[in-house]
file protein.txt (compact mmCIF, C-alpha atoms)
# COMPACT_ATOMS: atom_id res chain seq x y z
CA MET A 1 112.86 110.80 26.53
CA ALA A 2 114.00 114.42 26.65
CA ASP A 3 110.62 115.55 27.94
CA PHE A 4 110.77 113.76 31.31
CA ASN A 5 113.14 111.99 33.66
CA LEU A 6 112.51 108.54 35.09
CA PRO A 7 112.72 108.43 38.89
CA LEU A 8 114.93 105.85 40.54
CA ASP A 9 113.83 104.12 43.73
CA ILE A 10 117.38 103.18 44.81
CA ASP A 11 118.75 105.86 47.13
CA SER A 12 122.38 104.76 46.83
CA LEU A 13 122.45 105.42 43.06
CA GLU A 14 122.51 108.60 41.02
CA ILE A 15 121.37 108.80 37.39
CA ILE A 16 123.90 110.54 35.15
CA LYS A 17 122.42 109.70 31.77
CA GLN A 18 119.13 108.42 30.41
CA THR A 19 118.71 106.87 26.94
CA THR A 20 116.84 104.17 25.04
CA ASP A 21 118.37 101.32 23.08
CA LYS A 22 117.37 100.02 19.65
CA ASP A 23 114.67 97.81 21.21
CA GLY A 24 113.07 100.73 23.02
CA ASN A 25 114.29 99.68 26.46
CA PHE A 26 115.08 102.42 28.98
CA ILE A 27 118.80 102.57 29.82
CA LEU A 28 119.71 104.47 32.99
CA GLU A 29 123.43 105.07 33.34
CA VAL A 30 124.08 105.31 37.07
CA VAL A 31 126.91 105.71 39.56
CA SER A 32 127.06 104.68 43.17
CA LYS A 33 126.94 107.44 45.78
CA LYS A 34 129.10 105.35 48.09
CA LYS A 35 132.80 106.17 48.01
CA HIS A 36 134.19 102.98 49.47
CA SER A 37 133.88 99.21 49.48
CA THR A 38 134.47 96.56 52.11
CA CYS A 39 137.77 94.78 51.66
CA HIS A 40 137.17 91.13 50.84
CA ARG A 41 140.29 90.18 52.78
CA CYS A 42 140.34 92.15 56.04
CA GLY A 43 136.73 93.36 56.13
CA LYS A 44 137.73 96.99 56.67
CA PRO A 45 136.68 99.92 54.42
CA ALA A 46 138.71 100.29 51.24
CA THR A 47 138.49 103.94 50.12
CA LYS A 48 141.20 104.51 47.51
CA PRO A 49 139.93 104.11 43.90
CA ASN A 50 142.03 101.76 41.79
CA GLY A 51 140.49 101.49 38.34
CA THR A 52 137.17 100.00 37.26
CA ALA A 53 135.61 96.62 36.61
CA PRO A 54 133.69 95.72 33.41
CA THR A 55 130.42 97.61 32.95
CA ARG A 56 127.30 95.79 34.14
CA MET A 57 123.76 95.89 32.76
CA VAL A 58 121.26 95.05 35.49
CA ARG A 59 117.55 94.63 34.74
CA HIS A 60 115.27 96.71 37.00
CA LEU A 61 111.50 97.07 37.39
CA SER A 62 109.69 97.92 34.16
CA VAL A 63 108.18 101.38 33.58
CA PHE A 64 105.18 101.88 31.25
CA ASP A 65 105.46 98.14 30.52
CA THR A 66 108.93 98.81 29.13
CA PRO A 67 112.06 97.08 30.48
CA VAL A 68 114.49 99.28 32.44
CA TYR A 69 118.21 98.53 32.64
CA LEU A 70 120.72 100.08 35.01
CA LYS A 71 124.12 100.58 33.38
CA ILE A 72 126.89 100.85 35.94
CA THR A 73 130.67 100.60 35.90
CA PRO A 74 131.81 99.23 39.27
CA ILE A 75 134.77 100.98 40.92
CA ARG A 76 137.65 98.96 42.27
CA TYR A 77 139.12 100.15 45.57
CA LYS A 78 142.57 99.55 47.05
CA CYS A 79 142.69 98.56 50.72
CA GLU A 80 145.38 100.51 52.56
CA ASN A 81 144.96 98.33 55.64
CA CYS A 82 146.27 95.18 53.94
CA ASP A 83 150.02 94.72 53.48
CA ASP A 84 149.65 93.87 49.80
CA ASN A 85 147.06 96.63 49.17
CA ALA A 86 144.41 94.11 48.06
CA THR A 87 141.85 95.48 45.63
CA THR A 88 138.10 94.91 45.92
CA THR A 89 135.33 95.62 43.43
CA GLU A 90 132.44 97.51 45.01
CA GLN A 91 129.38 95.44 45.82
CA TYR A 92 125.85 96.76 45.99
CA ASP A 93 122.97 96.37 48.40
CA TRP A 94 120.40 96.70 45.58
CA CYS A 95 121.45 93.59 43.69
CA GLY A 96 123.26 90.33 44.37
CA LYS A 97 126.84 89.61 43.41
CA ASN A 98 126.99 88.88 39.66
CA SER A 99 123.18 89.10 39.50
CA SER A 100 121.61 90.38 36.27
CA THR A 101 118.51 91.66 38.11
CA THR A 102 117.94 94.10 40.96
CA ASN A 103 116.47 93.07 44.31
CA GLY A 104 113.36 95.08 43.46
CA LEU A 105 112.78 93.08 40.28
CA ASP A 106 113.50 89.83 42.15
CA ASP A 107 110.79 90.62 44.70
CA TYR A 108 108.34 91.53 41.92
CA ILE A 109 109.04 88.27 40.08
CA MET A 110 108.54 86.32 43.32
CA ARG A 111 105.17 87.99 43.94
CA SER A 112 104.18 87.19 40.37
CA LEU A 113 105.10 83.53 40.87
CA ILE A 114 102.64 83.13 43.75
CA ASN A 115 99.77 80.95 42.43
CA SER A 116 101.33 81.08 38.96
CA THR A 117 103.97 79.23 36.95
CA ILE A 118 107.52 79.96 35.84
CA GLU A 119 106.45 79.77 32.20
CA ASP A 120 103.59 82.23 32.63
CA VAL A 121 105.67 84.76 34.58
CA ALA A 122 108.49 84.55 32.02
CA LYS A 123 106.02 85.30 29.20
CA LYS A 124 104.36 88.19 31.02
CA GLU A 125 107.64 89.84 31.96
CA ARG A 126 109.30 88.99 28.65
CA VAL A 127 112.27 87.29 30.26
CA GLY A 128 113.72 83.80 29.93
CA GLN A 129 112.41 80.93 32.04
CA LYS A 130 115.97 80.29 33.24
CA LEU A 131 116.14 83.83 34.66
CA VAL A 132 112.89 83.32 36.59
CA ARG A 133 114.08 79.93 37.84
CA ASP A 134 117.42 81.42 38.94
CA ILE A 135 115.60 84.15 40.89
CA LEU A 136 113.42 81.51 42.57
CA ASP A 137 116.50 79.47 43.53
CA ARG A 138 118.21 82.55 44.96
CA GLN A 139 115.22 83.74 46.93
CA VAL A 140 113.87 80.43 48.28
CA THR A 141 116.42 78.07 49.75
CA LEU A 142 115.91 74.35 49.34
CA GLU A 143 115.72 73.84 53.11
CA THR A 144 113.80 75.48 55.92
CA ASN A 145 115.37 78.58 57.42
CA TRP A 146 114.97 77.76 61.10
CA ASP A 147 116.16 81.22 62.16
CA LYS A 148 112.88 82.71 60.94
CA ILE A 149 110.66 80.31 62.94
CA THR A 150 109.92 81.05 66.59
CA ASP A 151 107.79 78.03 67.48
CA ILE A 152 106.26 74.86 66.06
CA GLU A 153 103.22 73.88 68.09
CA THR A 154 101.82 71.17 65.81
CA ILE A 155 103.62 69.11 63.17
CA GLY A 156 101.69 67.34 60.41
CA ILE A 157 103.07 64.40 58.42
CA ASP A 158 101.37 63.04 55.31
CA GLU A 159 102.24 61.66 51.90
CA ILE A 160 101.21 62.76 48.43
CA SER A 161 101.19 60.58 45.34
CA ILE A 162 103.06 62.10 42.41
CA LYS A 163 101.97 59.59 39.77
CA LYS A 164 98.67 57.89 40.28
CA GLY A 165 99.01 54.11 40.35
CA HIS A 166 102.83 54.19 40.35
CA GLN A 167 103.40 53.97 44.13
CA SER A 168 105.53 57.10 43.84
CA TYR A 169 105.31 59.21 46.99
CA PHE A 170 106.63 62.36 48.58
CA THR A 171 106.29 63.01 52.30
CA VAL A 172 105.18 66.54 53.20
CA ILE A 173 106.03 67.74 56.70
CA SER A 174 104.15 70.89 57.67
CA ALA A 175 103.48 72.80 60.87
CA LYS A 176 101.09 75.15 62.62
CA THR A 177 102.51 77.77 64.99
CA ARG A 178 100.85 79.14 68.12
CA ALA A 179 99.81 82.13 65.99
CA ASP A 180 98.01 79.68 63.65
CA GLU A 181 100.52 80.27 60.84
CA LEU A 182 100.85 77.38 58.38
CA LEU A 183 104.42 76.46 57.40
CA VAL A 184 105.92 73.87 55.10
CA LEU A 185 109.00 72.39 56.79
CA ALA A 186 110.14 69.76 54.30
CA VAL A 187 109.24 67.70 51.25
CA ILE A 188 111.02 64.34 51.34
CA ARG A 189 111.27 61.82 48.51
CA ASP A 190 109.39 58.63 49.42
CA ARG A 191 108.25 57.82 52.98
CA PHE A 192 110.97 55.78 54.66
CA LYS A 193 110.99 55.93 58.45
CA ASP A 194 114.73 56.68 58.70
CA ASP A 195 114.44 59.71 56.40
CA ILE A 196 111.47 61.08 58.35
CA LYS A 197 113.18 60.50 61.68
CA SER A 198 116.41 62.10 60.44
CA PHE A 199 114.55 65.26 59.44
CA LEU A 200 112.61 65.47 62.70
CA GLN A 201 115.87 65.14 64.61
CA SER A 202 117.40 67.93 62.50
CA ILE A 203 114.90 70.44 63.88
CA PRO A 204 116.82 72.69 66.28
CA THR A 205 116.48 71.64 69.93
CA SER A 206 114.92 74.97 70.91
CA LEU A 207 112.14 74.43 68.35
CA GLN A 208 111.72 70.74 69.21
CA GLN A 209 110.85 71.82 72.73
CA THR A 210 107.93 73.90 71.40
CA VAL A 211 106.32 70.90 69.64
CA LYS A 212 103.24 69.71 71.51
CA HIS A 213 101.52 67.56 68.89
CA VAL A 214 102.53 65.49 65.88
CA CYS A 215 99.52 64.63 63.67
CA SER A 216 99.90 61.68 61.35
CA ASP A 217 97.96 58.97 59.59
CA MET A 218 98.39 55.31 60.57
CA TYR A 219 101.41 54.59 58.38
CA ASP A 220 103.94 52.88 60.66
CA GLY A 221 106.93 54.71 59.19
CA TYR A 222 105.47 58.06 60.27
CA VAL A 223 104.12 56.78 63.58
CA ASN A 224 107.38 55.20 64.72
CA ALA A 225 109.54 58.12 63.55
CA ALA A 226 107.37 60.61 65.47
CA ILE A 227 107.32 58.48 68.64
CA GLU A 228 111.09 58.01 68.67
CA VAL A 229 111.72 61.74 68.37
CA PHE A 230 108.83 63.34 70.28
CA GLY A 231 107.42 60.51 72.43
CA VAL A 232 104.10 58.65 72.63
CA GLN A 233 102.20 61.50 74.28
CA SER A 234 102.82 63.87 71.36
CA LEU A 235 101.57 61.61 68.58
CA VAL A 236 97.96 62.22 67.50
CA ILE A 237 96.06 60.09 65.01
CA ASP A 238 93.02 62.26 64.54
CA ARG A 239 89.40 61.51 63.75
CA TYR A 240 89.80 62.18 60.03
CA HIS A 241 91.93 59.09 59.47
CA VAL A 242 89.85 56.98 61.85
CA ALA A 243 86.64 58.02 60.07
CA LYS A 244 88.11 57.07 56.69
CA LEU A 245 88.70 53.55 57.99
CA TYR A 246 85.27 52.84 59.47
CA ARG A 247 83.40 54.48 56.60
CA LYS A 248 85.18 52.32 54.05
CA PRO A 249 83.46 49.02 55.08
CA LEU A 250 80.18 50.91 55.39
CA ASP A 251 80.57 52.06 51.77
CA LYS A 252 81.30 48.48 50.68
CA ILE A 253 78.15 47.11 52.29
CA ARG A 254 76.14 50.02 50.86
CA VAL A 255 77.30 49.15 47.34
CA LYS A 256 76.50 45.48 47.90
CA GLU A 257 73.07 46.14 49.38
CA MET A 258 72.12 48.72 46.74
CA ALA A 259 73.03 46.19 44.02
CA ARG A 260 70.78 43.63 45.72
CA LEU A 261 67.90 46.07 46.08
CA LYS A 262 68.18 47.11 42.44
CA LYS A 263 67.50 43.51 41.44
CA GLU A 264 64.74 42.87 44.00
CA LEU A 265 62.76 46.14 44.09
CA PRO A 266 60.50 47.58 41.40
CA GLU A 267 62.18 50.39 39.48
CA SER A 268 59.77 52.97 40.90
CA GLU A 269 60.60 51.91 44.47
CA TYR A 270 64.36 51.73 43.86
CA SER A 271 64.39 55.22 42.34
CA LYS A 272 63.29 56.59 45.73
CA LEU A 273 66.72 55.57 47.10
CA GLU A 274 68.68 57.85 44.78
CA GLY A 275 71.64 59.70 46.37
CA MET A 276 72.03 57.33 49.33
CA MET A 277 75.83 57.55 49.28
CA TRP A 278 75.81 61.21 50.36
CA ILE A 279 72.89 60.77 52.74
CA LEU A 280 74.78 58.02 54.61
CA ARG A 281 77.88 60.22 54.83
CA LYS A 282 76.10 63.33 56.12
CA LYS A 283 75.74 64.22 59.76
CA HIS A 284 72.28 63.16 60.89
CA GLU A 285 71.45 66.67 62.09
CA CYS A 286 72.25 68.02 58.61
CA LEU A 287 69.72 65.79 56.84
CA SER A 288 66.63 67.35 55.31
CA GLN A 289 63.23 65.72 55.84
CA THR A 290 63.44 64.28 52.33
CA ASP A 291 66.82 62.75 53.18
CA LYS A 292 65.41 61.28 56.41
CA ASP A 293 62.49 59.75 54.53
CA LYS A 294 64.88 58.13 52.06
CA LEU A 295 67.02 56.84 54.92
CA SER A 296 63.98 55.31 56.65
CA LEU A 297 63.03 53.59 53.41
CA LEU A 298 66.57 52.20 53.05
CA TYR A 299 66.49 50.98 56.66
CA LYS A 300 63.21 49.18 55.89
CA HIS A 301 64.64 47.32 52.90
CA SER A 302 68.12 46.67 54.39
CA PRO A 303 68.21 45.92 58.14
CA LEU A 304 71.89 44.97 57.81
CA LEU A 305 72.86 48.36 56.42
CA LYS A 306 70.70 50.05 59.07
CA LYS A 307 72.59 48.30 61.84
CA ALA A 308 76.02 49.03 60.31
CA HIS A 309 75.10 52.69 59.77
CA LYS A 310 73.91 53.03 63.37
CA TYR A 311 77.24 51.70 64.64
CA ALA A 312 79.12 54.15 62.42
CA LEU A 313 76.97 57.03 63.67
CA ASN A 314 77.59 56.00 67.29
CA LEU A 315 81.35 56.10 66.77
CA THR A 316 81.10 59.47 65.02
CA HIS A 317 79.13 60.77 68.01
CA ILE A 318 81.94 59.72 70.36
CA PHE A 319 84.44 61.78 68.35
CA ASN A 320 82.05 64.72 68.09
CA LYS A 321 81.49 64.97 71.82
CA HIS A 322 84.03 66.90 73.89
CA SER A 323 85.11 64.31 76.44
CA SER A 324 88.19 63.58 78.49
CA ARG A 325 90.64 61.08 77.06
CA LYS A 326 89.78 58.49 79.70
CA TYR A 327 86.00 58.82 79.21
CA ALA A 328 86.23 58.76 75.40
CA MET A 329 88.45 55.69 75.36
CA ALA A 330 86.04 53.89 77.70
CA LYS A 331 83.19 54.66 75.31
CA ILE A 332 85.21 53.42 72.33
CA GLY A 333 85.94 50.22 74.29
CA ARG A 334 82.22 49.69 74.90
CA TRP A 335 81.52 50.38 71.21
CA ILE A 336 84.02 47.67 70.23
CA ASP A 337 82.37 45.19 72.65
CA LYS A 338 78.91 45.87 71.19
CA VAL A 339 80.08 45.42 67.60
CA GLU A 340 81.97 42.21 68.39
CA LYS A 341 78.88 40.73 70.09
CA SER A 342 76.63 41.64 67.16
CA ASN A 343 76.21 39.75 63.90
CA ILE A 344 77.99 42.58 62.06
CA ASN A 345 81.48 41.56 60.93
CA ILE A 346 82.26 44.32 58.42
CA PHE A 347 84.15 46.30 61.10
CA ASP A 348 86.48 43.42 62.10
CA VAL A 349 89.53 44.72 60.22
CA PHE A 350 88.86 48.27 61.38
CA ILE A 351 88.62 47.14 65.02
CA LYS A 352 92.03 45.42 64.80
CA THR A 353 93.53 48.68 63.48
CA LEU A 354 91.71 50.66 66.15
CA GLN A 355 93.12 48.44 68.89
CA LYS A 356 96.65 48.75 67.47
CA TYR A 357 96.65 52.56 67.38
CA LYS A 358 94.30 53.14 70.32
CA PRO A 359 96.79 55.12 72.50
CA TYR A 360 97.53 57.62 69.71
CA ILE A 361 93.86 57.93 68.73
CA GLY A 362 93.14 58.62 72.40
CA ASN A 363 95.57 61.57 72.31
CA TYR A 364 93.11 63.32 70.01
CA PHE A 365 90.72 63.84 72.91
CA LYS A 366 93.31 65.66 75.02
CA SER A 367 93.32 68.80 72.91
CA ARG A 368 91.30 67.74 69.84
CA LYS A 369 94.19 68.55 67.55
CA SER A 370 93.70 67.28 64.03
CA SER A 371 95.58 67.07 60.77
CA GLY A 372 92.93 69.10 58.98
CA PHE A 373 95.57 71.64 57.99
CA VAL A 374 97.59 68.79 56.45
CA GLU A 375 94.64 67.68 54.33
CA GLY A 376 94.07 71.30 53.30
CA LEU A 377 97.71 71.45 52.26
CA ASN A 378 97.27 68.28 50.21
CA ASN A 379 94.45 69.96 48.27
CA LYS A 380 96.74 72.92 47.64
CA ILE A 381 99.42 70.54 46.33
CA LYS A 382 96.91 68.93 43.95
CA VAL A 383 96.05 72.36 42.56
CA LEU A 384 99.76 73.18 42.36
CA LYS A 385 100.49 69.99 40.40
CA ARG A 386 97.72 70.75 37.91
CA ARG A 387 98.80 74.37 37.58
CA CYS A 388 102.43 73.43 36.94
CA TYR A 389 101.52 70.41 34.77
CA GLY A 390 103.15 68.07 37.27
CA LEU A 391 106.07 68.41 39.65
CA ALA A 392 108.71 65.71 39.83
CA LYS A 393 111.25 67.14 42.30
CA ALA A 394 110.91 67.45 46.05
CA THR A 395 112.79 70.77 45.91
CA SER A 396 110.34 72.21 43.38
CA ILE A 397 107.34 71.22 45.51
CA PHE A 398 108.99 72.74 48.61
CA GLN A 399 109.78 76.02 46.85
CA ARG A 400 106.33 76.42 45.32
CA LEU A 401 104.55 75.50 48.57
CA PHE A 402 106.69 77.99 50.49
CA LEU A 403 105.85 80.67 47.93
CA ASP A 404 102.10 79.96 47.95
CA LEU A 405 101.93 79.85 51.76
CA GLN A 406 104.34 82.61 52.77
CA GLY A 407 105.08 84.49 49.55
CA TYR A 408 102.95 87.58 50.16
CA GLU A 409 104.37 87.93 53.66
CA CYS A 410 107.97 87.66 52.47
CA TYR A 411 107.71 89.71 49.27
CA ALA A 412 105.06 92.31 50.11
call {"tool": "encode", "arguments": {"input": "protein.txt", "output": "structure tokens"}}
result
Amino acid sequence: MADFNLPLDIDSLEIIKQTTDKDGNFILEVVSKKKHSTCHRCGKPATKPNGTAPTRMVRHLSVFDTPVYLKITPIRYKCENCDDNATTTEQYDWCGKNSSTTNGLDDYIMRSLINSTIEDVAKKERVGQKLVRDILDRQVTLETNWDKITDIETIGIDEISIKKGHQSYFTVISAKTRADELLVLAVIRDRFKDDIKSFLQSIPTSLQQTVKHVCSDMYDGYVNAAIEVFGVQSLVIDRYHVAKLYRKPLDKIRVKEMARLKKELPESEYSKLEGMMWILRKKHECLSQTDKDKLSLLYKHSPLLKKAHKYALNLTHIFNKHSSRKYAMAKIGRWIDKVEKSNINIFDVFIKTLQKYKPYIGNYFKSRKSSGFVEGLNNKIKVLKRRCYGLAKATSIFQRLFLDLQGYECYA
């Protein structure tokens, strides 16, 4: 220790002594270069020293993988502007009030938490999990800081299941800005309409006016909440959720027909139909010649599935083509008429849903906004849940999502 001096990256402090403790930690005894404090009562500078407060040990960034502690004795100052000469203990801009860590260490811990876990970071930095959790709670508030958001062009609303098969849901409300920045706005326990509506109404008026689209699935609680706050023209039910609905009956008939063909066809002939699930789901232009040959063989053995698949492809083509809202809705109307006049009844339930949400599905064609970013966020949440061995609190999900999405920007 006598051979070198550790530098200090805090300009307002001066090192007066440098030692090591029995555990080998670096102890830097420091004093503040500032000669005053702000009076807690009147807010004016208090400059007259009036004793000291208990000595503090504040953990700083490690050096050579060795913990560094700043040892400081805060000065108390008497305010000569107050009638009773109120005394105030000096506060520092390099650490929070009563904090046991410096701001520099807090930022480092936050960067380490990105795409990691509290347990892992605590082990790597050799600190307690409670300390890491306290830093996270100090740095990331449990609600959105609206002051740091300039616009919200597109809002996405979707649910995630916390426990599979338990009907336990959280609603995740996210947003895309004009600059294509992805934000998490809220994580709400369950998916009640009143809770969703209450949050949407809590968005500051200036930001509400920047919202052009609200992307949602067909859950009525989300649909009605969005309409009541932002109006019918803003709500978009995009092609992703529509496609899920019309591909579901197609999958059912595929399973039924493949089971029939397995019984009726020779094993050598049936084996030629291997992998039909993915072939039926692919875009036709993405099929290889081998895939097309398999599809032709399936069409030959199952005219019913051929007809159903053709109808599904026709509807996909409508969504793929860049059309005006009016033209696209007319084409969807003609598609419905054709299906209803055919002998295919597997799309009956889907058509009823399509008719119910037709105005909001039509809004997709105005600007082709989708909730793709919401689905991407759901995948991130799944990874987050596995990484953290499950998350049971809405606040924990919000904090970790905020950190994974905006952590490097905030704590660079």
call {"tool": "atom_distance", "arguments": {"input": "protein.txt", "atom1": "atom CA of Ala330 of chain A", "atom2": "atom CA of Asp348 of chain A"}}
result
18.8 Å
call {"tool": "closest_residue", "arguments": {"input": "protein.txt", "among": "A:Leu185, A:Ala394, A:Ile332, A:Ala175", "to": "Ser371 of chain A", "atoms": "all atoms listed in the file"}}
result
A:Ala175
call {"tool": "axis_aligned_box", "arguments": {"input": "protein.txt", "around": "segment 231-238 of chain A", "padding_each_side": "6 Å", "output": "JSON"}}
result
{"center_x": 100.2, "center_y": 61.3, "center_z": 69.4, "size_x": 26.4, "size_y": 17.2, "size_z": 21.7}
call {"tool": "closest_atom_pairs", "arguments": {"input": "protein.txt", "of": "segment 301-391 of chain A", "to": "segment 399-410 of chain A", "cutoff": "12 Å", "atoms": "only C-alpha atoms", "output": "tab-separated table"}}
result
residue	atom	partner	partner_atom	distance
A:Gly376	CA	A:Leu405	CA	11.7
A:Leu377	CA	A:Leu401	CA	8.8
A:Asn378	CA	A:Leu401	CA	10.4
A:Asn379	CA	A:Leu401	CA	11.5
A:Lys380	CA	A:Leu401	CA	8.3
A:Ile381	CA	A:Leu401	CA	7.5
A:Lys382	CA	A:Leu401	CA	11.1
A:Val383	CA	A:Leu401	CA	10.9
A:Leu384	CA	A:Arg400	CA	7.9
A:Lys385	CA	A:Arg400	CA	10.0
A:Arg387	CA	A:Arg400	CA	11.0
A:Cys388	CA	A:Arg400	CA	9.7
A:Leu391	CA	A:Arg400	CA	9.8
call {"tool": "residues_around", "arguments": {"input": "protein.txt", "residues": "segment 99-101 of chain A", "least_positions_apart": "6", "cutoff": "8 Å", "atoms": "all atoms listed in the file", "output": "JSON, numbers by chain"}}
result
{"A": [57, 58, 59, 60]}
call {"tool": "write_last_selection", "arguments": {"input": "protein.txt", "atoms": "C-alpha atoms", "output": "short mmCIF file (atom, residue, chain, number, x, y, z; two decimals), in the coordinates of the input"}}
result
data_model
loop_
_atom_site.label_atom_id
_atom_site.label_comp_id
_atom_site.auth_asym_id
_atom_site.auth_seq_id
_atom_site.Cartn_x
_atom_site.Cartn_y
_atom_site.Cartn_z
CA MET A 57 123.76 95.89 32.76
CA VAL A 58 121.26 95.05 35.49
CA ARG A 59 117.55 94.63 34.74
CA HIS A 60 115.27 96.71 37.00
#
call {"tool": "closest_residue", "arguments": {"input": "protein.txt", "among": "A:Arg178, A:Glu228, A:Asp21, A:Leu105", "to": "Asp194 of chain A", "atoms": "all atoms listed in the file"}}
result
A:Glu228
call {"tool": "atom_distance", "arguments": {"input": "protein.txt", "atom1": "atom CA of Ile149 of chain A", "atom2": "atom CA of Thr205 of chain A"}}
result
12.6 Å
